[in-house]
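File shown: final-v7.cif (mmCIF, C-alpha atoms).
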```
data_data
#
loop_
_atom_site.group_PDB
_atom_site.id
_atom_site.type_symbol
_atom_site.label_atom_id
_atom_site.label_comp_id
_atom_site.auth_asym_id
_atom_site.auth_seq_id
_atom_site.Cartn_x
_atom_site.Cartn_y
_atom_site.Cartn_z
ATOM 1 C CA MET A 1 -67.337 5.786 0.096
ATOM 2 C CA ALA A 2 -63.816 6.199 1.272
ATOM 3 C CA ALA A 3 -61.157 7.199 -1.222
ATOM 4 C CA PRO A 4 -58.569 4.512 -1.932
ATOM 5 C CA SER A 5 -55.579 5.128 0.328
ATOM 6 C CA ARG A 6 -52.042 5.085 -1.015
ATOM 7 C CA PRO A 7 -49.859 2.283 0.288
ATOM 8 C CA LYS A 8 -47.322 3.308 2.937
ATOM 9 C CA LEU A 9 -43.797 3.236 1.583
ATOM 10 C CA ASP A 10 -40.852 1.763 3.433
ATOM 11 C CA VAL A 11 -38.837 4.135 5.626
ATOM 12 C CA ALA A 12 -35.515 2.462 4.872
ATOM 13 C CA VAL A 13 -34.021 3.459 1.516
ATOM 14 C CA SER A 14 -31.576 1.111 -0.181
ATOM 15 C CA LYS A 15 -29.600 2.116 -3.273
ATOM 16 C CA PRO A 16 -26.752 0.319 -5.079
ATOM 17 C CA THR A 17 -24.448 3.315 -4.467
ATOM 18 C CA PRO A 18 -25.135 5.053 -1.132
ATOM 19 C CA TYR A 19 -26.037 8.721 -0.836
ATOM 20 C CA THR A 20 -23.532 11.351 0.208
ATOM 21 C CA PHE A 21 -24.800 13.959 2.646
ATOM 22 C CA ASP A 22 -24.001 17.526 3.639
ATOM 23 C CA LEU A 23 -26.245 18.018 6.642
ATOM 24 C CA GLY A 24 -25.222 21.664 7.081
ATOM 25 C CA LEU A 25 -26.877 22.477 3.747
ATOM 26 C CA LEU A 26 -29.547 19.736 4.042
ATOM 27 C CA LEU A 27 -28.137 18.166 0.894
ATOM 28 C CA ALA A 28 -28.463 14.529 -0.163
ATOM 29 C CA ASN A 29 -26.467 13.676 -3.274
ATOM 30 C CA ASP A 30 -27.603 10.596 -5.211
ATOM 31 C CA PRO A 31 -24.894 9.254 -7.560
ATOM 32 C CA ASN A 32 -27.192 6.532 -8.961
ATOM 33 C CA PRO A 33 -28.289 7.131 -12.568
ATOM 34 C CA LEU A 34 -31.955 7.280 -13.505
ATOM 35 C CA SER A 35 -33.099 4.210 -15.383
ATOM 36 C CA SER A 36 -34.229 5.163 -18.854
ATOM 37 C CA SER A 37 -36.747 2.806 -20.400
ATOM 38 C CA THR A 38 -36.317 2.354 -24.163
ATOM 39 C CA SER A 39 -39.882 1.542 -25.031
ATOM 40 C CA SER A 40 -41.574 2.551 -28.251
ATOM 41 C CA PRO A 41 -42.108 6.292 -28.560
ATOM 42 C CA SER A 42 -45.670 5.819 -29.797
ATOM 43 C CA THR A 43 -47.295 6.975 -26.584
ATOM 44 C CA THR A 44 -45.534 10.041 -25.254
ATOM 45 C CA SER A 45 -48.158 10.648 -22.560
ATOM 46 C CA THR A 46 -47.483 7.257 -20.944
ATOM 47 C CA THR A 47 -43.710 7.746 -21.081
ATOM 48 C CA THR A 48 -44.058 11.233 -19.609
ATOM 49 C CA SER A 49 -46.226 9.957 -16.778
ATOM 50 C CA ALA A 50 -43.802 7.079 -16.173
ATOM 51 C CA LEU A 51 -40.882 9.528 -16.071
ATOM 52 C CA GLU A 52 -42.792 11.773 -13.651
ATOM 53 C CA ALA A 53 -43.542 8.789 -11.421
ATOM 54 C CA GLN A 54 -39.893 7.729 -11.478
ATOM 55 C CA LEU A 55 -38.672 11.272 -10.658
ATOM 56 C CA SER A 56 -41.132 11.602 -7.772
ATOM 57 C CA ALA A 57 -40.000 8.196 -6.415
ATOM 58 C CA VAL A 58 -36.330 9.233 -6.596
ATOM 59 C CA ALA A 59 -37.105 12.572 -4.923
ATOM 60 C CA ARG A 60 -39.090 10.824 -2.178
ATOM 61 C CA ASP A 61 -36.250 8.348 -1.582
ATOM 62 C CA GLY A 62 -33.731 11.201 -1.381
ATOM 63 C CA ALA A 63 -35.854 13.155 1.091
ATOM 64 C CA GLN A 64 -36.436 10.014 3.186
ATOM 65 C CA ALA A 65 -32.699 9.199 3.225
ATOM 66 C CA LEU A 66 -31.893 12.792 4.294
ATOM 67 C CA ILE A 67 -34.459 12.669 7.117
ATOM 68 C CA ASN A 68 -33.143 9.270 8.263
ATOM 69 C CA GLN A 69 -29.587 10.644 8.287
ATOM 70 C CA LEU A 70 -30.658 13.752 10.218
ATOM 71 C CA LEU A 71 -32.524 11.772 12.867
ATOM 72 C CA THR A 72 -29.690 9.294 13.410
ATOM 73 C CA THR A 73 -26.594 11.550 13.384
ATOM 74 C CA VAL A 74 -27.582 15.070 14.447
ATOM 75 C CA PRO A 75 -28.142 15.865 18.154
ATOM 76 C CA LEU A 76 -31.790 16.503 19.042
ATOM 77 C CA SER A 77 -33.028 18.866 21.738
ATOM 78 C CA THR A 78 -36.566 19.402 22.945
ATOM 79 C CA GLY A 79 -37.767 22.830 23.990
ATOM 80 C CA SER A 80 -40.941 24.802 24.390
ATOM 81 C CA SER A 81 -40.992 25.504 20.650
ATOM 82 C CA GLY A 82 -40.666 21.800 19.768
ATOM 83 C CA VAL A 83 -37.890 19.460 18.716
ATOM 84 C CA LEU A 84 -34.757 21.205 17.453
ATOM 85 C CA LEU A 85 -31.911 19.776 15.382
ATOM 86 C CA SER A 86 -28.441 21.292 15.688
ATOM 87 C CA LEU A 87 -27.035 21.180 12.158
ATOM 88 C CA PRO A 88 -23.276 20.843 11.655
ATOM 89 C CA ALA A 89 -21.247 23.287 9.582
ATOM 90 C CA ALA A 90 -21.605 22.980 5.821
ATOM 91 C CA SER A 91 -18.861 20.985 4.116
ATOM 92 C CA THR A 92 -19.824 21.537 0.474
ATOM 93 C CA ALA A 93 -18.468 24.720 -1.075
ATOM 94 C CA LEU A 94 -21.169 26.494 -3.045
ATOM 95 C CA PRO A 95 -20.227 28.610 -6.080
ATOM 96 C CA ARG A 96 -20.584 32.381 -5.940
ATOM 97 C CA GLU A 97 -23.562 33.969 -7.657
ATOM 98 C CA LYS A 98 -21.395 36.794 -9.002
ATOM 99 C CA PRO A 99 -17.708 36.874 -9.944
ATOM 100 C CA LEU A 100 -15.135 38.208 -7.504
ATOM 101 C CA PRO A 101 -14.885 41.998 -7.613
ATOM 102 C CA ALA A 102 -11.908 43.429 -9.455
ATOM 103 C CA PRO A 103 -9.187 44.762 -7.154
ATOM 104 C CA ARG A 104 -9.561 48.509 -6.822
ATOM 105 C CA GLU A 105 -6.814 50.900 -7.823
ATOM 106 C CA PRO A 106 -4.884 52.459 -4.945
ATOM 107 C CA THR A 107 -5.675 56.085 -4.218
ATOM 108 C CA LYS A 108 -3.100 58.827 -4.760
ATOM 109 C CA TRP A 109 -2.399 58.862 -1.036
ATOM 110 C CA GLU A 110 -1.887 55.078 -0.957
ATOM 111 C CA GLN A 111 0.518 55.317 -3.911
ATOM 112 C CA PHE A 112 2.438 58.142 -2.213
ATOM 113 C CA ALA A 113 2.542 56.260 1.112
ATOM 114 C CA ALA A 114 3.855 53.128 -0.631
ATOM 115 C CA ARG A 115 6.588 55.143 -2.398
ATOM 116 C CA LYS A 116 7.670 56.867 0.816
ATOM 117 C CA GLY A 117 7.303 53.775 3.004
ATOM 118 C CA ILE A 118 4.608 55.296 5.222
ATOM 119 C CA LYS A 119 2.673 52.707 7.167
ATOM 120 C CA PRO A 120 -0.652 53.339 8.932
ATOM 121 C CA LYS A 121 -0.465 53.668 12.679
ATOM 122 C CA THR A 122 -1.456 50.746 14.808
ATOM 123 C CA ARG A 123 -4.240 50.875 17.353
ATOM 124 C CA GLU A 124 -1.702 51.112 20.177
ATOM 125 C CA GLN A 125 0.105 54.040 18.510
ATOM 126 C CA ARG A 126 -3.168 55.930 18.087
ATOM 127 C CA ARG A 127 -4.061 55.245 21.720
ATOM 128 C CA MET A 128 -0.690 56.497 22.937
ATOM 129 C CA LYS A 129 -1.244 59.735 21.026
ATOM 130 C CA SER A 130 -4.790 60.317 22.247
ATOM 131 C CA GLN A 131 -4.359 59.146 25.849
ATOM 132 C CA LYS A 132 -1.747 59.446 28.558
ATOM 133 C CA TYR A 133 -1.260 57.474 31.734
ATOM 134 C CA ASP A 134 -2.003 59.358 34.963
ATOM 135 C CA GLU A 135 0.097 57.957 37.795
ATOM 136 C CA GLN A 136 -2.035 59.620 40.489
ATOM 137 C CA THR A 137 -5.273 57.937 39.409
ATOM 138 C CA GLY A 138 -3.633 54.852 37.936
ATOM 139 C CA GLY A 139 -5.584 55.060 34.691
ATOM 140 C CA TRP A 140 -5.502 56.372 31.144
ATOM 141 C CA GLU A 141 -6.859 59.879 30.475
ATOM 142 C CA ARG A 142 -7.655 61.580 27.195
ATOM 143 C CA THR A 143 -5.267 64.297 26.025
ATOM 144 C CA TRP A 144 -7.882 66.127 23.940
ATOM 145 C CA GLY A 145 -11.613 66.168 23.245
ATOM 146 C CA TYR A 146 -14.366 64.960 25.556
ATOM 147 C CA ASP A 147 -13.260 64.520 29.182
ATOM 148 C CA LYS A 148 -9.766 65.845 28.477
ATOM 149 C CA GLY A 149 -7.436 64.910 31.303
ATOM 150 C CA GLY A 150 -10.265 63.438 33.372
ATOM 151 C CA ALA A 151 -11.863 66.885 33.847
ATOM 152 C CA ARG A 152 -15.383 65.450 33.985
ATOM 153 C CA ARG A 153 -14.462 62.938 36.686
ATOM 154 C CA ARG A 154 -12.708 65.656 38.746
ATOM 155 C CA ARG A 155 -15.689 67.995 38.337
ATOM 156 C CA ASP A 156 -18.042 65.230 39.502
ATOM 157 C CA GLU A 157 -15.837 64.628 42.551
ATOM 158 C CA GLY A 158 -15.795 68.362 43.357
ATOM 159 C CA MET A 159 -12.107 68.858 42.648
ATOM 160 C CA VAL A 160 -10.678 72.154 41.374
ATOM 161 C CA GLN A 161 -9.891 72.372 37.664
ATOM 162 C CA GLN A 162 -6.167 71.766 37.005
ATOM 163 C CA ASP A 163 -5.603 74.767 34.729
ATOM 164 C CA TRP A 164 -7.600 77.344 36.671
ATOM 165 C CA LEU A 165 -4.732 79.838 36.454
ATOM 166 C CA VAL A 166 -3.141 80.526 33.083
ATOM 167 C CA GLU A 167 -0.245 82.933 32.506
ATOM 168 C CA VAL A 168 -0.874 85.526 29.823
ATOM 169 C CA ASP A 169 1.917 86.672 27.533
ATOM 170 C CA GLU A 170 1.498 90.456 27.289
ATOM 171 C CA SER A 171 3.229 90.762 23.926
ATOM 172 C CA LYS A 172 0.941 88.109 22.377
ATOM 173 C CA GLU A 173 -2.132 89.818 23.832
ATOM 174 C CA ARG A 174 -0.995 93.188 22.444
ATOM 175 C CA ASP A 175 -0.327 91.691 18.965
ATOM 176 C CA GLU A 176 -3.745 89.974 18.920
ATOM 177 C CA LYS A 177 -5.464 93.216 19.975
ATOM 178 C CA GLU A 178 -3.686 95.158 17.221
ATOM 179 C CA ALA A 179 -4.725 92.552 14.645
ATOM 180 C CA ARG A 180 -8.366 92.769 15.781
ATOM 181 C CA ASP A 181 -8.311 96.543 15.624
ATOM 182 C CA LYS A 182 -6.760 96.416 12.142
ATOM 183 C CA ASN A 183 -9.522 94.059 10.930
ATOM 184 C CA LYS A 184 -12.198 96.370 12.380
ATOM 185 C CA ARG A 185 -10.698 99.361 10.571
ATOM 186 C CA LYS A 186 -10.658 97.437 7.282
ATOM 187 C CA LYS A 187 -14.321 96.515 7.693
ATOM 188 C CA ARG A 188 -15.257 100.139 8.382
ATOM 189 C CA LYS A 189 -13.503 101.293 5.221
ATOM 190 C CA ALA A 190 -15.246 98.710 3.086
#
```
Hey, can you dump this file as structure tokens for me?
Amino acid sequence: MAAPSRPKLDVAVSKPTPYTFDLGLLLANDPNPLSSSTSSPSTTSTTTSALEAQLSAVARDGAQALINQLLTTVPLSTGSSGVLLSLPAASTALPREKPLPAPREPTKWEQFAARKGIKPKTREQRRMKSQKYDEQTGGWERTWGYDKGGARRRRDEGMVQQDWLVEVDESKERDEKEARDKNKRKKRKA
């Protein structure tokens, strides 16, 4: 024996007050109130089952109205993975789960900078400090750090290093040598 089949419900949903939709969130808002039957409270099991049946009917109507709205207003595209719907941006603002964080206290440096009127450097100011324009190559070169002055590019091209000859100040060299010797003597004594 075949089980009794449920009757097919209508695809079109009609309500006294129409639904409002937010397709970005897949939300169908039903402003219609639920009808509450004021029958005798003698049989709570029958009223509970009637309420469950009513809630499932309202939920089914809401889902059907949302699907109808999606299929009629949202652009469809077919691909190898199946039919795809391109949802619009959400228009309903959802509340935050947690409250906004409290504004943090400024650090001692931020307080000092605000008192003295010091502003952080812009990206362009930092770039001007760390790079300089080379008119020969027509490009920007670093003034310090990795590939300083385009040294790596010149080395790859087989060019001679720019600072291959450096003048030595004899008085500075003598002072540095005396300081090294003095440190060595101190270490020997200790």
- Close residues, Gly149 in chain A itself excluded, 10 Å, all atoms listed in the file, min 5 positions apart in chain, as a ChimeraX atom specification: /A:131-134,140-144,154,162
- Message: Could you list, as a PyMOL selection string, every residue within 12 Å of Leu76 in chain A, counting all atoms listed in the file and ignoring same-chain residues fewer than 6 positions away?
- Response: chain A and resi 70+82-87
Keeping only C-alpha atoms, write those residues as an mmCIF file, in the coordinates of the input.
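Result file again_22.cif:
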```cif
data_model
loop_
_atom_site.group_PDB
_atom_site.id
_atom_site.type_symbol
_atom_site.label_atom_id
_atom_site.label_comp_id
_atom_site.auth_asym_id
_atom_site.auth_seq_id
_atom_site.Cartn_x
_atom_site.Cartn_y
_atom_site.Cartn_z
ATOM 1 C CA LEU A 70 -30.658 13.752 10.218
ATOM 2 C CA GLY A 82 -40.666 21.800 19.768
ATOM 3 C CA VAL A 83 -37.890 19.460 18.716
ATOM 4 C CA LEU A 84 -34.757 21.205 17.453
ATOM 5 C CA LEU A 85 -31.911 19.776 15.382
ATOM 6 C CA SER A 86 -28.441 21.292 15.688
ATOM 7 C CA LEU A 87 -27.035 21.180 12.158
#
```
Return as AutoDock Vina command-line options the centre and edge lengths, in Å with one decimal, of the box along x, y and z that encloses every atom of range 14-19 of chain A in the file, padded by 8 Å per side.
```
--center_x -28.0 --center_y 4.5 --center_z -2.6 --size_x 23.1 --size_y 24.4 --size_z 20.9
```
- Expressed in Å to a single decimal, how great is the separation between CA of Asp22 in chain A and CA of Leu94 in chain A? 11.5 Å
- Task: Pull out every residue that the PyMOL selection byres ((chain A and resi 52-57) around 12) matches in the shown coordinates and put them as a PyMOL selection string.
- Result: chain A and resi 9-10+13+33-37+45-51+58-64
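Atom pair CA of Thr107 in chain A / CA of Ser130 in chain A: separated by 26.8 Å.
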For range 77-100 of chain A, which lacks atoms in the input, supply N, CA, C and O atoms and format the output as a PDB file, keeping the file's coordinate frame.
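File produced: part-v8.pdb:
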```pdb
ATOM      1  N   SER A  77     -32.705  18.234  20.459  1.00  0.00           N
ATOM      2  CA  SER A  77     -33.028  18.866  21.738  1.00  0.00           C
ATOM      3  C   SER A  77     -34.501  19.260  21.711  1.00  0.00           C
ATOM      4  O   SER A  77     -35.024  19.676  20.680  1.00  0.00           O
ATOM      5  N   THR A  78     -35.146  19.090  22.851  1.00  0.00           N
ATOM      6  CA  THR A  78     -36.566  19.402  22.945  1.00  0.00           C
ATOM      7  C   THR A  78     -36.726  20.663  23.778  1.00  0.00           C
ATOM      8  O   THR A  78     -36.128  20.801  24.841  1.00  0.00           O
ATOM      9  N   GLY A  79     -37.509  21.586  23.280  1.00  0.00           N
ATOM     10  CA  GLY A  79     -37.767  22.830  23.990  1.00  0.00           C
ATOM     11  C   GLY A  79     -39.233  23.171  23.939  1.00  0.00           C
ATOM     12  O   GLY A  79     -40.071  22.374  23.492  1.00  0.00           O
ATOM     13  N   SER A  80     -39.549  24.372  24.387  1.00  0.00           N
ATOM     14  CA  SER A  80     -40.941  24.802  24.390  1.00  0.00           C
ATOM     15  C   SER A  80     -41.474  24.998  22.965  1.00  0.00           C
ATOM     16  O   SER A  80     -42.668  24.887  22.725  1.00  0.00           O
ATOM     17  N   SER A  81     -40.558  25.294  22.027  1.00  0.00           N
ATOM     18  CA  SER A  81     -40.992  25.504  20.650  1.00  0.00           C
ATOM     19  C   SER A  81     -41.035  24.208  19.852  1.00  0.00           C
ATOM     20  O   SER A  81     -41.413  24.214  18.697  1.00  0.00           O
ATOM     21  N   GLY A  82     -40.610  23.088  20.457  1.00  0.00           N
ATOM     22  CA  GLY A  82     -40.666  21.800  19.768  1.00  0.00           C
ATOM     23  C   GLY A  82     -39.306  21.134  19.751  1.00  0.00           C
ATOM     24  O   GLY A  82     -38.423  21.456  20.527  1.00  0.00           O
ATOM     25  N   VAL A  83     -39.141  20.203  18.848  1.00  0.00           N
ATOM     26  CA  VAL A  83     -37.890  19.460  18.716  1.00  0.00           C
ATOM     27  C   VAL A  83     -36.966  20.241  17.786  1.00  0.00           C
ATOM     28  O   VAL A  83     -37.364  20.647  16.694  1.00  0.00           O
ATOM     29  N   LEU A  84     -35.726  20.442  18.237  1.00  0.00           N
ATOM     30  CA  LEU A  84     -34.757  21.205  17.453  1.00  0.00           C
ATOM     31  C   LEU A  84     -33.579  20.324  17.083  1.00  0.00           C
ATOM     32  O   LEU A  84     -33.098  19.531  17.891  1.00  0.00           O
ATOM     33  N   LEU A  85     -33.106  20.472  15.854  1.00  0.00           N
ATOM     34  CA  LEU A  85     -31.911  19.776  15.382  1.00  0.00           C
ATOM     35  C   LEU A  85     -30.776  20.792  15.288  1.00  0.00           C
ATOM     36  O   LEU A  85     -30.957  21.886  14.749  1.00  0.00           O
ATOM     37  N   SER A  86     -29.620  20.429  15.805  1.00  0.00           N
ATOM     38  CA  SER A  86     -28.441  21.292  15.688  1.00  0.00           C
ATOM     39  C   SER A  86     -27.640  20.818  14.488  1.00  0.00           C
ATOM     40  O   SER A  86     -26.985  19.784  14.533  1.00  0.00           O
ATOM     41  N   LEU A  87     -27.709  21.575  13.392  1.00  0.00           N
ATOM     42  CA  LEU A  87     -27.035  21.180  12.158  1.00  0.00           C
ATOM     43  C   LEU A  87     -25.542  21.456  12.245  1.00  0.00           C
ATOM     44  O   LEU A  87     -25.126  22.467  12.810  1.00  0.00           O
ATOM     45  N   PRO A  88     -24.716  20.582  11.673  1.00  0.00           N
ATOM     46  CA  PRO A  88     -23.276  20.843  11.655  1.00  0.00           C
ATOM     47  C   PRO A  88     -22.941  21.908  10.611  1.00  0.00           C
ATOM     48  O   PRO A  88     -23.801  22.335   9.836  1.00  0.00           O
ATOM     49  N   ALA A  89     -21.681  22.302  10.580  1.00  0.00           N
ATOM     50  CA  ALA A  89     -21.247  23.287   9.582  1.00  0.00           C
ATOM     51  C   ALA A  89     -21.287  22.648   8.189  1.00  0.00           C
ATOM     52  O   ALA A  89     -21.094  21.443   8.028  1.00  0.00           O
ATOM     53  N   ALA A  90     -21.537  23.469   7.206  1.00  0.00           N
ATOM     54  CA  ALA A  90     -21.605  22.980   5.821  1.00  0.00           C
ATOM     55  C   ALA A  90     -20.216  22.564   5.353  1.00  0.00           C
ATOM     56  O   ALA A  90     -19.227  23.222   5.647  1.00  0.00           O
ATOM     57  N   SER A  91     -20.147  21.461   4.618  1.00  0.00           N
ATOM     58  CA  SER A  91     -18.861  20.985   4.116  1.00  0.00           C
ATOM     59  C   SER A  91     -18.754  21.107   2.598  1.00  0.00           C
ATOM     60  O   SER A  91     -17.673  20.965   2.045  1.00  0.00           O
ATOM     61  N   THR A  92     -19.843  21.386   1.925  1.00  0.00           N
ATOM     62  CA  THR A  92     -19.824  21.537   0.474  1.00  0.00           C
ATOM     63  C   THR A  92     -19.676  23.015   0.133  1.00  0.00           C
ATOM     64  O   THR A  92     -20.444  23.848   0.607  1.00  0.00           O
ATOM     65  N   ALA A  93     -18.668  23.327  -0.668  1.00  0.00           N
ATOM     66  CA  ALA A  93     -18.468  24.720  -1.075  1.00  0.00           C
ATOM     67  C   ALA A  93     -19.430  25.045  -2.208  1.00  0.00           C
ATOM     68  O   ALA A  93     -19.452  24.351  -3.228  1.00  0.00           O
ATOM     69  N   LEU A  94     -20.227  26.080  -2.008  1.00  0.00           N
ATOM     70  CA  LEU A  94     -21.169  26.494  -3.045  1.00  0.00           C
ATOM     71  C   LEU A  94     -20.524  27.559  -3.924  1.00  0.00           C
ATOM     72  O   LEU A  94     -19.743  28.388  -3.431  1.00  0.00           O
ATOM     73  N   PRO A  95     -20.821  27.578  -5.213  1.00  0.00           N
ATOM     74  CA  PRO A  95     -20.227  28.610  -6.080  1.00  0.00           C
ATOM     75  C   PRO A  95     -20.846  29.977  -5.797  1.00  0.00           C
ATOM     76  O   PRO A  95     -21.959  30.087  -5.288  1.00  0.00           O
ATOM     77  N   ARG A  96     -20.075  31.012  -6.112  1.00  0.00           N
ATOM     78  CA  ARG A  96     -20.584  32.381  -5.940  1.00  0.00           C
ATOM     79  C   ARG A  96     -21.604  32.698  -7.021  1.00  0.00           C
ATOM     80  O   ARG A  96     -21.515  32.196  -8.142  1.00  0.00           O
ATOM     81  N   GLU A  97     -22.570  33.550  -6.665  1.00  0.00           N
ATOM     82  CA  GLU A  97     -23.562  33.969  -7.657  1.00  0.00           C
ATOM     83  C   GLU A  97     -22.924  34.924  -8.660  1.00  0.00           C
ATOM     84  O   GLU A  97     -23.207  34.883  -9.842  1.00  0.00           O
ATOM     85  N   LYS A  98     -22.030  35.794  -8.151  1.00  0.00           N
ATOM     86  CA  LYS A  98     -21.395  36.794  -9.002  1.00  0.00           C
ATOM     87  C   LYS A  98     -19.883  36.589  -8.952  1.00  0.00           C
ATOM     88  O   LYS A  98     -19.357  36.043  -7.983  1.00  0.00           O
ATOM     89  N   PRO A  99     -19.166  37.037  -9.965  1.00  0.00           N
ATOM     90  CA  PRO A  99     -17.708  36.874  -9.944  1.00  0.00           C
ATOM     91  C   PRO A  99     -17.081  37.753  -8.854  1.00  0.00           C
ATOM     92  O   PRO A  99     -17.685  38.714  -8.375  1.00  0.00           O
ATOM     93  N   LEU A 100     -15.845  37.413  -8.502  1.00  0.00           N
ATOM     94  CA  LEU A 100     -15.135  38.208  -7.504  1.00  0.00           C
ATOM     95  C   LEU A 100     -14.957  39.626  -8.019  1.00  0.00           C
ATOM     96  O   LEU A 100     -14.699  39.831  -9.218  1.00  0.00           O
TER      97      LEU A 100
END
```
